[in-house]
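What follows is a set of notes on a single structure, which appears directly below.
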Amino acid sequence: MTAMRATRGWFTALIIIISAFFAATLPAQAETLASFLPKLDPTQMHPEADAFGPVRDDIAVAPVLKGGETVAWAFLTSDFVGTTGYSGKPIHVVAAIDADAVLTGVELVKHSEPIVLIGIPNSKITALTEGYKGLDLKAEAASGGDAHDLDIISGATVTIMIIDDSLVRAGIKVARALALGGLAPHQAEGPRRELDMAQDEIYDWTTLSGDGSVRRLTLDVGQVNAAFEATGDARAIKRPEPGDAEETFIDMHLALVSVPSIGRSLLGEAEYKNLKNWLEDGEHAILVLGRGSYSFKGSGYVRGGIFDRIQMIQGDNSVRFFDKQQRRLGSLAAPDAPSFTELDIFKIPADAEFDPTEPFRLQLLVQRAIGAVEKTFLTFDLGYTLPKRYLLPLPATAAPLVEDASAEAAAKAALWQRIWRDRIVEIVILGVMLLTLTGIFFFQFQATANPRVFYWVRIGFLTMSLFFIGWYANAQLSVVNLMALAGSLRSGFTWDAFLLDPLVFIQWFAIAAALLFWGRGAYCGWLCPFGALQELTNQIARALKLPQWEVPWGLHERLWPIKYMIFLGLFGVSLASIPLAEQLAEVEPFKTAIILKFVRDWPFVVFAVSLLVIGLFVERFYCRYLCPLGGALAIPARMRMFDWLRRYKECGSPCQTCANECPVQAIHPTGEINPNECVNCLHCQVLYQSDAKCPVVIRQLKRRAAVGKVSDDILKKGPPQKPAET
């Protein structure tokens, strides 16, 4: 009867998947600027607007009109840059830009982001998106997109960074295409050029500094003090730089040494050869020289690996350098070169979209302490344009309004790399946790030898999973991740969307490996924050002597398939509509209890709390019967390669100790462990070695004790004596 019901449930889920698959093959409505404008009020794009004009044929923008006159231009960010979010689908934002290159209106019009859709009130994300109104894109273009402060909503970091990145990059592209605010297209100055890599003539320092191959920025103490006085900051003015006004504050020189002639002249043949071996395809390098009382390197790179006093800016892009992108130079090869105290080569990565034929600048950050820990800053620019004799002309081409595939890929890579750099501490902590867990599993017999020690190790690990992975890092995995992956595989898979959240990505990568070794229990039993919350609260309940209910085996076995049916149903719906599937995925209480920490509408809170209350009496009730993620992980876990859990032949017949004490009732009365339901808590391995509970161990100890007693008697009495002869 049980098998028949299970088969019926799986058959129903299969029908849902097949139906949804055919529904998914229906053509989707085009998502263009023209499709979104009728849903918007013109005043949302400009406070004085009363209508929209038609979308232009040459550029995907539409005039925002006031009395028939154009007061701004509306555009859709996804028409100009990639806006793929964590869901694997674009985040569509309509914005408007005026003649001065300032955003006059911003609206989030469509998205499929799970955390925005159902985890966080949409009004909160909408308000933050609308806050970009008034953003000056001229300043963003000048600073490489760093002229504004980025506001982050807890639990939606990735989504907000994508919205921010797409608005700035798309806005600057539109401003350049329409020549707004004085931002001209990149190719407006003349024909494009390329490097002449065949030119490798050696020049002396005087020639290189005279023709602009080496550029110079010199500041004396008086200039720096005057610049801080001009800010009007009384605290900064009170702390002037020491020394005479004519004393050199910094004398900084810059050269593009990836150009063969410049590199060989300044570095010498051997160092230039090393440089070429260091650089990969598409990478370039600059040489920065310095002397004076102020260091362009500072000490930030020692602490955090980043040179925070300099950044390279070209057009809309900026590059900060890390310690792995830097090499020290001992001396200059040019015989007439002056001496410097700092000589450093910095690598410009290929994904920086750097064009050596276009002008760029090195921005120097000058800091001044105005308190015990507080500082104020000024910036000075050292501009650089490669002399024309190093270039070869190319036919002029129009600047593309939409990034080509390689440029878009580079922009996406830069975004996820920025996120990974910002979260390096969390990545290291998670890595340590994964290594610790791997050690526990590989040496589980030794780890479980002392029951008390192992108990507190497990409690400590679950506490870290809850507080660090869950409540701090918001890295709770969800069945929504799997649905997003399936959607991405259907629409064209790319790694970028999944690399945007490093802790989630690392966990999925680790779980994929763990499924082959240990099954789903590596995640469900140790790393899942909500699973940890259930077990920790149940432990508190046990300490308070709350009764524990054991579900009868017959009912328990019939409740197992529910989570698999839920998963298959959600997966089937996701093939037709990911947003609908994400709404139905509220069967997971993860967002309420972990991501949003119960700060949510009361129905969601009641649902999550109810599951936890039931879990006080039935340990891990949700994990056992309702969790679609657990069901999803159990399916591929059937492929695991090893059975790590040790068993005796007496387990199940006659001994039932492990079956009775298994926290999730994953052991059959006949002694077999069900790998689909086991959470790898290793309690059975504790019992396997227990000299107080395991009958096999107790019997072995008694036998050894008996043998030992006989041996002691022999030692005490000595060997039996032969009878004396008469």
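By order of appearance in the structure tokens: chains A, B, ..., then residues from 1 within every chain, and ligands from 1 in the order shown.
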Near-segment 305-318 of chain A list (6 Å; only C-alpha atoms; drop same-chain fewer than 3 positions) as a list of chain:residue names: A:Ala141, A:Gly144, A:Phe296, A:Lys297, A:Tyr301, A:Val302, A:Phe321, A:Phe322, A:Asp323, A:Phe360, A:Arg361, A:Leu362, A:Gln363, A:Leu364, A:Leu365
With only C-alpha atoms as the counted atoms, please give the residues lying no more than 10 Å from Ser295 of chain A, apart from itself and same-chain residues fewer than 3 positions off, as a PyMOL selection string. chain A and resi 249-252+290-292+298-299+309+341-342+364+366
Write out, as a short mmCIF file (atom, residue, chain, number, x, y, z; two decimals), in the first residue's frame, the residues just selected, with C-alpha atoms.
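Ended up saving to part.cif:
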```cif
data_model
loop_
_atom_site.label_atom_id
_atom_site.label_comp_id
_atom_site.auth_asym_id
_atom_site.auth_seq_id
_atom_site.Cartn_x
_atom_site.Cartn_y
_atom_site.Cartn_z
CA PHE A 249 56.02 66.28 -0.81
CA ILE A 250 55.99 63.77 -3.67
CA ASP A 251 57.64 63.59 -7.06
CA MET A 252 55.81 60.84 -8.95
CA GLY A 290 58.27 58.11 -6.45
CA ARG A 291 60.39 60.14 -4.09
CA GLY A 292 59.67 62.70 -1.39
CA GLY A 298 51.52 53.61 1.88
CA SER A 299 51.10 50.60 4.15
CA ARG A 309 46.57 55.51 -2.32
CA THR A 341 63.02 55.69 -3.37
CA GLU A 342 60.01 53.78 -4.75
CA LEU A 364 46.89 59.87 -6.08
CA VAL A 366 46.62 62.24 -0.20
#
```
Residue nearest Val613 of chain A among A:Ile440, A:Leu546, A:Leu40, A:Ile594 (counting only C-alpha atoms):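 Result for the nearest residue to Val613 of chain A: A:Leu546.
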Can you work out which one of A:Asn274, A:Gln326, A:Thr463, A:Asn225 has the shortest atom-to-atom distance to Trp526 of chain A, counting only C-alpha atoms?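 Nearest to Trp526 of chain A: A:Thr463.
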DSSP alpha helix (DSSP H) residues within segment 379-596 of chain A, as an MDAnalysis selection string: chainID A and resid 405:422 424:442 444:447 451:464 479:491 496:499 502:517 521:522 529:543 553:559 561:576 578:584 590
Record the distance separating atom CA of Thr537 of chain A and atom CA of Gly521 of chain A, expressed in Å with one decimal. 19.2 Å
I'd like the neighbourhood of Ala514 of chain A as a ChimeraX atom specification, where a residue qualifies if any of its atoms comes within 12 Å (using only C-alpha atoms), though same-chain residues fewer than 3 positions away should be ignored. /A:434-435,437-438,441-442,507-511,517-524,526-527,633-634,636-642,680
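Checking A:Ala513, A:Met433, A:Ala608, A:Leu208 one by one against Gly263 of chain A, counting only C-alpha atoms, you find the shortest gap at A:Leu208.
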Set out as a Markdown table a contact list for segment 165-234 of chain A and segment 255-259 of chain A with a cut-off of 10 Å, giving each residue of segment 165-234 of chain A that qualifies its closest atom pair and distance in Å to one decimal, counting only C-alpha atoms, ordered by chain and rising residue number.
```
| residue | atom | partner | partner_atom | distance |
| --- | --- | --- | --- | --- |
| A:Leu195 | CA | A:Val259 | CA | 7.6 |
| A:Asp196 | CA | A:Val259 | CA | 8.3 |
| A:Met197 | CA | A:Val259 | CA | 7.0 |
| A:Ala198 | CA | A:Val259 | CA | 9.8 |
| A:Gln199 | CA | A:Val259 | CA | 8.7 |
| A:Asp200 | CA | A:Val259 | CA | 8.3 |
| A:Leu208 | CA | A:Ala255 | CA | 9.1 |
| A:Ser209 | CA | A:Ala255 | CA | 9.3 |
| A:Gly212 | CA | A:Ala255 | CA | 8.7 |
| A:Ser213 | CA | A:Ala255 | CA | 6.1 |
| A:Val214 | CA | A:Ala255 | CA | 4.7 |
| A:Arg215 | CA | A:Ala255 | CA | 6.6 |
| A:Arg216 | CA | A:Ala255 | CA | 9.2 |
```
Which polymer residues have any atom within 6 Å of an atom of segment 616-626 of chain A, counting only C-alpha atoms, with same-chain residues fewer than 4 positions away left out, as a list in words?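 Everything that qualifies: Gln534, Asn538, Ala541, Gln548, Trp549, Leu559, Trp560, Ile562 and Lys563 of chain A.
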